[in-house]
Every structure is written in structure tokens, then in C-alpha cells.
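Coordinates from start38.csv are shown below (CSV, C-alpha atoms).
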chain,number,residue,atom,x,y,z
A,1,MET,CA,79.6,112.6,46.1
A,2,LYS,CA,82.6,110.3,46.0
A,3,LEU,CA,83.8,110.6,49.6
A,4,ILE,CA,82.3,111.2,53.0
A,5,ALA,CA,84.8,112.7,55.6
A,6,SER,CA,83.5,112.7,59.1
A,7,ASP,CA,84.8,114.0,62.4
A,8,LEU,CA,84.5,111.6,65.4
A,9,ASP,CA,83.9,113.4,68.8
A,10,GLY,CA,80.7,115.4,68.8
A,11,THR,CA,79.9,114.2,65.3
A,12,LEU,CA,80.0,110.4,64.5
A,13,LEU,CA,80.3,109.4,68.1
A,14,LYS,CA,77.6,109.6,70.7
A,15,GLU,CA,78.4,111.1,74.1
A,16,ASP,CA,79.4,107.6,75.4
A,17,GLY,CA,82.1,107.4,72.7
A,18,THR,CA,80.3,104.8,70.6
A,19,ILE,CA,78.9,104.8,67.0
A,20,SER,CA,75.1,104.3,66.8
A,21,GLU,CA,73.6,101.5,64.7
A,22,ALA,CA,71.9,104.1,62.5
A,23,ASN,CA,75.2,105.8,61.8
A,24,GLN,CA,76.9,102.5,61.1
A,25,LYS,CA,74.2,101.4,58.7
A,26,ALA,CA,74.2,104.7,56.8
A,27,ILE,CA,77.9,104.6,56.3
A,28,GLN,CA,77.7,101.0,55.0
A,29,THR,CA,74.9,102.0,52.7
A,30,ALA,CA,77.0,104.8,51.2
A,31,ILE,CA,80.0,102.4,50.8
A,32,ASP,CA,77.7,99.8,49.1
A,33,LYS,CA,76.8,102.6,46.6
A,34,GLY,CA,80.5,103.2,45.8
A,35,ILE,CA,81.1,106.2,48.0
A,36,GLU,CA,84.3,106.0,50.1
A,37,PHE,CA,84.3,106.9,53.9
A,38,ILE,CA,87.2,108.5,55.8
A,39,VAL,CA,87.5,109.7,59.4
A,40,ALA,CA,89.2,113.0,60.1
A,41,THR,CA,89.7,113.5,63.8
A,42,GLY,CA,91.8,115.2,66.4
A,43,ARG,CA,92.4,111.8,68.0
A,44,SER,CA,95.5,109.6,67.5
A,45,TYR,CA,95.1,106.7,65.2
A,46,ASP,CA,94.9,104.2,68.1
A,47,ALA,CA,92.2,106.2,69.9
A,48,ALA,CA,90.2,106.6,66.7
A,49,SER,CA,90.4,102.9,66.0
A,50,ILE,CA,88.6,101.9,69.2
A,51,PRO,CA,85.0,103.0,68.3
A,52,LEU,CA,85.5,102.3,64.6
A,53,LYS,CA,86.5,98.6,65.3
A,54,LYS,CA,83.5,98.2,67.7
A,55,ALA,CA,81.2,99.3,64.9
A,56,GLY,CA,82.9,97.2,62.3
A,57,ILE,CA,84.1,100.1,60.2
A,58,ASN,CA,87.5,99.7,58.5
A,59,CYS,CA,88.5,103.0,56.8
A,60,PRO,CA,91.4,105.4,56.3
A,61,VAL,CA,92.0,107.8,59.2
A,62,ILE,CA,93.2,111.3,59.1
A,63,SER,CA,94.5,111.7,62.7
A,64,LEU,CA,95.7,114.6,64.9
A,65,ASN,CA,93.7,117.2,62.9
A,66,GLY,CA,95.4,116.3,59.7
A,67,ALA,CA,99.0,115.8,60.8
A,68,VAL,CA,99.1,112.1,60.0
A,69,THR,CA,96.9,110.2,57.4
A,70,TYR,CA,96.7,106.4,57.5
A,71,THR,CA,95.3,103.9,55.0
A,72,LYS,CA,92.8,101.4,56.2
A,73,ASP,CA,95.8,99.1,56.6
A,74,LYS,CA,97.5,101.6,59.0
A,75,GLN,CA,100.1,102.6,56.4
A,76,ILE,CA,101.2,106.3,56.8
A,77,ILE,CA,100.6,108.2,53.6
A,78,ARG,CA,101.0,111.8,55.0
A,79,SER,CA,103.0,113.1,57.9
A,80,ILE,CA,103.2,116.8,58.9
A,81,PRO,CA,105.0,117.4,62.2
A,82,LEU,CA,105.5,120.7,64.0
A,83,ASP,CA,108.9,122.4,63.8
A,84,LYS,CA,110.7,121.6,67.1
A,85,ASP,CA,111.5,125.3,68.0
A,86,VAL,CA,107.9,126.2,67.4
A,87,ALA,CA,106.7,123.3,69.6
A,88,LYS,CA,109.0,124.5,72.4
A,89,GLN,CA,107.6,128.0,72.1
A,90,ILE,CA,104.1,126.7,72.4
A,91,THR,CA,104.8,124.5,75.5
A,92,ASP,CA,106.7,127.4,77.1
A,93,VAL,CA,103.8,129.8,76.7
A,94,CYS,CA,101.1,127.4,77.8
A,95,ASP,CA,103.2,126.2,80.7
A,96,GLN,CA,103.6,129.8,81.9
A,97,GLU,CA,99.8,130.2,81.7
A,98,GLY,CA,99.4,127.2,84.0
A,99,MET,CA,97.7,124.9,81.5
A,100,TYR,CA,97.7,121.1,81.2
A,101,ILE,CA,99.8,120.1,78.2
A,102,GLU,CA,100.0,117.0,76.0
A,103,LEU,CA,102.4,116.3,73.2
A,104,PHE,CA,101.1,113.9,70.5
A,105,THR,CA,104.1,112.3,68.8
A,106,ASN,CA,105.2,109.4,66.7
A,107,ARG,CA,106.3,107.7,69.9
A,108,GLY,CA,103.0,108.2,71.8
A,109,ILE,CA,101.7,111.0,74.1
A,110,PHE,CA,103.8,112.8,76.6
A,111,SER,CA,102.6,115.1,79.5
A,112,GLY,CA,103.7,116.6,82.7
A,113,SER,CA,101.3,115.4,85.3
A,114,ARG,CA,98.4,112.9,85.5
A,115,GLU,CA,97.2,114.4,88.7
A,116,TYR,CA,97.1,117.9,87.3
A,117,PHE,CA,95.0,116.7,84.3
A,118,LEU,CA,92.5,115.0,86.7
A,119,GLU,CA,92.4,118.2,88.8
A,120,VAL,CA,91.7,120.3,85.8
A,121,MET,CA,89.0,118.0,84.4
A,122,VAL,CA,87.3,117.6,87.8
A,123,ASP,CA,87.2,121.4,88.2
A,124,ILE,CA,85.8,121.9,84.7
A,125,MET,CA,83.3,119.0,84.8
A,126,THR,CA,81.9,119.8,88.2
A,127,SER,CA,81.5,123.4,87.3
A,128,ALA,CA,79.5,122.4,84.2
A,129,ASN,CA,77.6,119.6,86.0
A,130,PRO,CA,77.1,120.5,89.7
A,131,ASP,CA,74.8,117.6,90.3
A,132,ILE,CA,77.5,115.0,89.5
A,133,SER,CA,79.6,113.8,92.3
A,134,GLU,CA,83.4,114.4,92.3
A,135,ALA,CA,83.9,110.7,92.4
A,136,ASP,CA,81.9,110.1,89.2
A,137,VAL,CA,83.6,113.0,87.5
A,138,ARG,CA,87.1,111.6,88.4
A,139,GLN,CA,86.1,108.2,87.1
A,140,GLN,CA,85.0,109.8,83.8
A,141,ALA,CA,88.3,111.8,83.6
A,142,GLU,CA,90.3,108.6,84.2
A,143,ARG,CA,88.9,107.1,81.0
A,144,ARG,CA,91.0,109.6,79.1
A,145,PHE,CA,94.1,107.5,79.9
A,146,GLN,CA,92.3,104.2,78.9
A,147,PHE,CA,91.8,105.5,75.3
A,148,GLU,CA,95.2,107.0,74.9
A,149,PRO,CA,98.0,105.9,77.3
A,150,VAL,CA,100.1,108.9,78.3
A,151,GLU,CA,103.8,108.9,79.4
A,152,PHE,CA,104.5,111.5,82.1
A,153,ILE,CA,107.7,113.5,81.9
A,154,ASP,CA,109.6,116.2,83.8
A,155,ASN,CA,110.8,118.3,80.9
A,156,TYR,CA,109.1,118.8,77.5
A,157,HIS,CA,112.2,120.2,75.9
A,158,GLU,CA,114.1,117.0,76.6
A,159,VAL,CA,111.5,115.0,74.7
A,160,MET,CA,111.5,117.4,71.8
A,161,ASP,CA,115.3,117.4,71.6
A,162,SER,CA,115.3,113.7,70.7
A,163,THR,CA,116.0,113.3,67.0
A,164,GLU,CA,113.6,110.3,67.0
A,165,ILE,CA,110.6,112.3,68.2
A,166,LYS,CA,108.2,114.0,65.8
A,167,VAL,CA,105.6,116.3,67.5
A,168,TYR,CA,102.4,116.2,65.5
A,169,LYS,CA,100.0,118.1,67.8
A,170,ILE,CA,100.0,119.9,71.1
A,171,LEU,CA,96.8,119.8,73.1
A,172,VAL,CA,96.2,122.1,76.1
A,173,PHE,CA,93.4,122.3,78.7
A,174,ALA,CA,92.6,125.3,80.9
A,175,THR,CA,90.4,126.0,83.8
A,176,GLU,CA,90.0,129.7,83.0
A,177,PRO,CA,89.0,131.2,79.6
A,178,GLN,CA,91.6,133.9,80.1
A,179,GLN,CA,94.4,131.3,80.0
A,180,LEU,CA,93.2,130.3,76.5
A,181,SER,CA,92.9,133.9,75.4
A,182,ASN,CA,96.4,134.8,76.6
A,183,ALA,CA,98.0,131.8,75.0
A,184,SER,CA,96.2,132.4,71.7
A,185,GLU,CA,97.2,136.1,71.7
A,186,LYS,CA,100.9,135.3,72.4
A,187,LEU,CA,101.1,132.6,69.7
A,188,ARG,CA,98.8,133.9,67.0
A,189,SER,CA,101.7,135.6,65.1
A,190,GLU,CA,103.9,132.5,65.1
A,191,GLU,CA,104.2,131.5,61.5
A,192,GLY,CA,104.8,127.8,62.0
A,193,VAL,CA,101.5,127.0,63.8
A,194,VAL,CA,97.8,127.0,63.3
A,195,ILE,CA,95.6,127.2,66.4
A,196,THR,CA,92.2,125.4,66.6
A,197,SER,CA,90.0,123.9,69.2
A,198,SER,CA,87.8,120.9,69.8
A,199,GLY,CA,86.0,122.4,72.8
A,200,GLU,CA,85.5,125.4,75.0
A,201,ILE,CA,88.2,124.3,77.4
A,202,ASN,CA,91.1,123.5,75.1
A,203,LEU,CA,93.4,124.7,72.3
A,204,GLU,CA,95.1,122.5,69.7
A,205,PHE,CA,98.3,123.4,67.9
A,206,ASN,CA,99.4,122.0,64.6
A,207,HIS,CA,101.6,122.8,61.6
A,208,PRO,CA,99.8,125.1,59.2
A,209,LYS,CA,99.7,122.3,56.6
A,210,ALA,CA,98.3,119.8,59.2
A,211,GLN,CA,94.7,120.7,58.8
A,212,LYS,CA,91.8,118.3,58.2
A,213,GLY,CA,90.7,120.1,55.0
A,214,LEU,CA,94.2,120.0,53.5
A,215,ALA,CA,94.6,116.3,54.4
A,216,VAL,CA,91.3,115.4,52.8
A,217,GLU,CA,92.2,117.5,49.7
A,218,GLN,CA,95.5,115.6,49.3
A,219,TYR,CA,93.7,112.3,49.7
A,220,VAL,CA,91.1,113.1,47.0
A,221,GLN,CA,93.7,114.4,44.7
A,222,GLN,CA,95.5,111.1,44.7
A,223,LYS,CA,92.2,109.6,43.6
A,224,GLN,CA,92.0,112.3,40.8
A,225,TRP,CA,88.9,113.7,42.4
A,226,THR,CA,88.3,117.3,43.6
A,227,MET,CA,86.9,118.7,46.9
A,228,GLU,CA,83.6,119.1,45.1
A,229,ASP,CA,83.3,115.4,45.3
A,230,VAL,CA,83.5,115.5,49.1
A,231,MET,CA,80.8,115.7,51.8
A,232,SER,CA,82.4,116.6,55.2
A,233,ILE,CA,80.6,116.5,58.6
A,234,GLY,CA,81.8,118.2,61.7
A,235,ASP,CA,81.0,120.2,64.8
A,236,ASN,CA,84.0,122.3,66.0
A,237,TRP,CA,86.8,124.6,64.9
A,238,ASN,CA,89.2,121.9,64.1
A,239,ASP,CA,86.7,120.8,61.5
A,240,ALA,CA,86.4,124.2,59.9
A,241,SER,CA,88.9,123.7,57.1
A,242,MET,CA,87.3,120.6,55.7
A,243,LEU,CA,83.8,122.0,56.2
A,244,GLN,CA,84.7,125.1,54.1
A,245,MET,CA,86.7,123.2,51.5
A,246,ALA,CA,84.2,120.4,50.8
A,247,GLY,CA,81.6,120.6,48.1
A,248,ARG,CA,79.0,119.7,50.7
A,249,GLY,CA,79.9,120.9,54.2
A,250,VAL,CA,77.5,119.7,56.9
A,251,ALA,CA,77.4,121.1,60.4
A,252,MET,CA,76.1,119.0,63.3
A,253,GLY,CA,73.1,120.3,65.2
A,254,ASN,CA,75.2,120.5,68.3
A,255,ALA,CA,77.8,122.7,66.5
A,256,ALA,CA,78.3,126.3,67.5
A,257,ASP,CA,76.4,128.9,65.4
A,258,GLU,CA,79.7,130.1,63.9
A,259,ILE,CA,80.4,126.6,62.6
A,260,LYS,CA,76.9,126.3,61.1
A,261,MET,CA,77.5,129.6,59.3
A,262,LEU,CA,80.4,128.0,57.4
A,263,CYS,CA,78.2,125.3,56.0
A,264,SER,CA,75.4,125.0,53.5
A,265,TYR,CA,73.8,122.2,55.4
A,266,THR,CA,73.0,121.4,59.1
A,267,THR,CA,71.9,118.0,60.3
A,268,LEU,CA,70.7,116.8,63.7
A,269,THR,CA,72.9,116.4,66.8
A,270,ASN,CA,75.3,113.5,67.5
A,271,ARG,CA,72.7,112.3,70.0
A,272,ASP,CA,70.1,112.0,67.3
A,273,ASP,CA,72.1,110.2,64.6
A,274,GLY,CA,73.0,113.4,62.7
A,275,VAL,CA,75.6,111.7,60.6
A,276,ALA,CA,73.0,109.1,59.4
A,277,ILE,CA,70.5,111.8,58.6
A,278,ALA,CA,73.1,113.8,56.6
A,279,ILE,CA,74.2,110.7,54.6
A,280,ASP,CA,70.6,109.7,53.9
A,281,GLU,CA,69.7,113.2,52.7
A,282,MET,CA,72.7,113.3,50.4
A,283,LEU,CA,72.0,109.9,48.9
A,284,LYS,CA,68.4,110.8,48.3
A,285,GLU,CA,69.4,114.0,46.5
A,286,GLN,CA,71.9,112.1,44.3
A,287,GLN,CA,69.2,109.6,43.4
A,288,ARG,CA,66.7,112.3,42.5
A,289,ALA,CA,69.4,113.9,40.3
A,290,ILE,CA,69.9,110.5,38.6
A,291,ASP,CA,66.2,109.9,38.1
A,292,ALA,CA,65.8,113.4,36.7
A,293,SER,CA,68.5,112.8,34.1
A,294,LEU,CA,66.9,109.6,32.8

Conversion result in C-alpha cells:
Amino acid sequence: MKLIASDLDGTLLKEDGTISEANQKAIQTAIDKGIEFIVATGRSYDAASIPLKKAGINCPVISLNGAVTYTKDKQIIRSIPLDKDVAKQITDVCDQEGMYIELFTNRGIFSGSREYFLEVMVDIMTSANPDISEADVRQQAERRFQFEPVEFIDNYHEVMDSTEIKVYKILVFATEPQQLSNASEKLRSEEGVVITSSGEINLEFNHPKAQKGLAVEQYVQQKQWTMEDVMSIGDNWNDASMLQMAGRGVAMGNAADEIKMLCSYTTLTNRDDGVAIAIDEMLKEQQRAIDASL
């Protein structure tokens, strides 16, 4: 392997949003052996940088599911925005379904209502965790805006009509599964969008070429490598392209069974340093292969 490409949430990050010491050490060990490391995430660059900096990891970042790729020096080397008309169609459909919407752009994140987001998240989180108080849930939901500041607007179309704005990803949350199903059904035939998800309560919309696997592929091609030289690690549907395209796709133990079926390898959960385990196993296999060839 020449490159390790890892997702963040549900993969490299623990549930508290930090990178464990074991994961950090495993990444450094791989780097010391000449293997490059890159993050491929649904997050913006700024939100991805927070846990990476805390762990002392300086690496390239594929952000917004593959829409924008940055070097370790924050230089953009790939940019794939949505077509504006397609973006408008997505927001119209999701707005009609009553979902919370966020536009991820080159000028930051835009949304319609902070309070609506909090209401949606409180409803979802209290349903999933009935023992947690609403006050605690609301406090957790507020952290969303600490990681990625959001500008609240009255009209999505006005933002998208600006010639200075590029829309890279649209993220929506829903309180009811039917809302997600309805939106997916209405937008599935739209040629200019690919629909993925990073959780059971959301949908993510990107340009068809803005996928993690395609972004990783372009990165390795510039190195004159192939995807056979890549180990990718992920846990959800927005990771599927890079898990399928990589020479060594590794599903997290906390991934859905359907994601595990896409991969030849499964590691432990993000709670149990699954990334560190996956890297260690790969390095041991490589060493055994080297020893056998001597």
C-alpha cells in the first residue's frame, strides 16, 4: 500500500469527535514507513481540520464527499460544484418535504433556520436516547454550530443566484424516514446529482463526479499510482465509492452490514481503535510479504 484514505466521523473519530492516541500512533507509523495518509470526509475543510490539528496530523483533505480536495498546505487541487439549477431543484424538493437544509459553498454554509435544526436534532436524539434530558440533547446539538459556523438566510435561490457562490454539497436532515424516501425518489432520476448518506437521518447531494472514490483516484493518478495501491477505511454510504475502488477496502465494525459486504476486510469499531487495528494488520501483511520474498 502507498496510501491510506480514511473517513472521519464514525471511522477515525471517536464518538466525542477526537482521534484516539492509538489511531494517531498507527497513522504516524505508516507515514514513517513511507505510506501517505489522506482524509476523505463529508465535512468541510475547516471542520475536518479541528480534530486533525488536535492529534498533530497534517495531511491532505478530501472534503464534502469529494467535492473539494486540499493539499496539506490548504491549496485546492480539485473542485467539483453542483450545477446551480440542479441545486435549486434539490432544495425545492427537500423544502417541500419539510426537511432541514444546509448548503455547503465556497463562501461557507447557508441554512434557513437555526431553531429548526435544533428542533429536528432534539426530536431525533431524544427518540433514540430517551434517558437523556432535552437540555443535554440541545447542548449537544448546539455543538454543530461550533464546528461549522452557519449563516442563516431567507431564500436559498438568492444565495445560489450569486455568481460568486459555488455549491459543493447539500445536506438535509429529516425527522421521518418517509421524508428521506420521498426526496430520494423525486431526485433519483436527476442526472446532475449523486445521493448518499452519512447517517440514518440525513441525505447528502453532490455532483456525480464529487465522490470520495473519484477524488482519491485522481489524487493517486497524479502520483502515478493506481487504486490498487490504496487502503480505504469507512463506515457509511458516502464512503462506498472509495471502499469499492480501493485495492484494500476496510469497513468499520460499526458500519452497516451492506457496507461490510462491499469490503474484503472488516476492522473493529471507531470506539475500539478500528483504524489503528486496520493499519497494523495491513503493515504486518506487507512485512510478511517482504520477508517471504527474501

(Q) I'd like to know which of A:Val193, A:Gln244, A:Leu294, A:Leu103 is closest to Glu217 of chain A, using all atoms listed in the file. (A)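 Result for the nearest residue to Glu217 of chain A: A:Gln244.
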
Q) When distances are computed from all atoms listed in the file, which of A:Ser111, A:Ser197, A:Asn58, A:Thr11 shows the smallest separation from Ile31 of chain A? A)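 Using all atoms listed in the file, the shortest distance to Ile31 of chain A belongs to A:Asn58.
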
Q. Interatomic distance between atom CA of Glu190 of chain A and atom CA of Val39 of chain A?
A.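 It comes out at 28.7 Å.
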
(Q) Taking only C-alpha atoms into account, name the residue in A:Leu12, A:Tyr168, A:Glu200, A:Glu185 that is nearest to Leu268 of chain A. (A)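 Using only C-alpha atoms, the shortest distance to Leu268 of chain A belongs to A:Leu12.
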
Q) What is the distance, in Å and to one decimal place, between atom CA of Lys169 of chain A and atom CA of Gly213 of chain A? A)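 Taking atom CA of Lys169 of chain A and atom CA of Gly213 of chain A, their separation equals 15.9 Å.
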
Q | Point-to-point distance from atom CA of Ala278 of chain A to atom CA of Lys33 of chain A, Å rounded to tenths | A |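 Here the two named atoms are 15.5 Å from each other.
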
Q.
From the options A:Lys260, A:Lys212, A:Arg107, A:Arg271, which residue's atoms come nearest to Ala246 of chain A, counting all atoms listed in the file?
A. A:Lys212

Q: Excluding Phe104 of chain A and any residue of its chain fewer than 4 positions from it, enumerate the residues within 12 Å of it, using only C-alpha atoms, and give them as a PyMOL selection string.
A: chain A and resi 42-47+63-65+67-68+81-82+87+108-111+148-151+156+159-160+165-172+204-206

Q: Excluding segment 118-122 of chain A and any residue of its chain fewer than 5 positions from it, enumerate the residues within 10 Å of it, using all atoms listed in the file, and give them as a list in words.
A: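 These residues fall inside the cut-off: Met99, Tyr100, Ser113, Ser127, Ala128, Ser133, Glu134, Ala135, Asp136, Val137, Arg138, Gln139, Gln140, Ala141, Glu142, Arg144, Phe173, Ala174, Thr175, Glu176 and Ile201 of chain A.
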
Q.
So that I can see what lies close to Glu36 of chain A, please list as number ranges by chain the residues with an atom at most 10 Å from it, counting only C-alpha atoms and leaving out residues fewer than 6 positions away in the same chain.
A. A: 1-5, 27-28, 30, 59-60, 230

Q: Write out as a list in words the residues lying within 12 Å of Ile57 of chain A, counting only C-alpha atoms and excluding same-chain residues fewer than 6 positions away.
A: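 So, after excluding close chain neighbours, the residues are Leu12, Ile19, Ser20, Glu21, Asn23, Gln24, Lys25, Ala26, Ile27, Gln28, Ile31, Glu36, Phe37, Ile38, Val39, Ala48, Ser49, Ile50, Pro51 and Lys72 of chain A.
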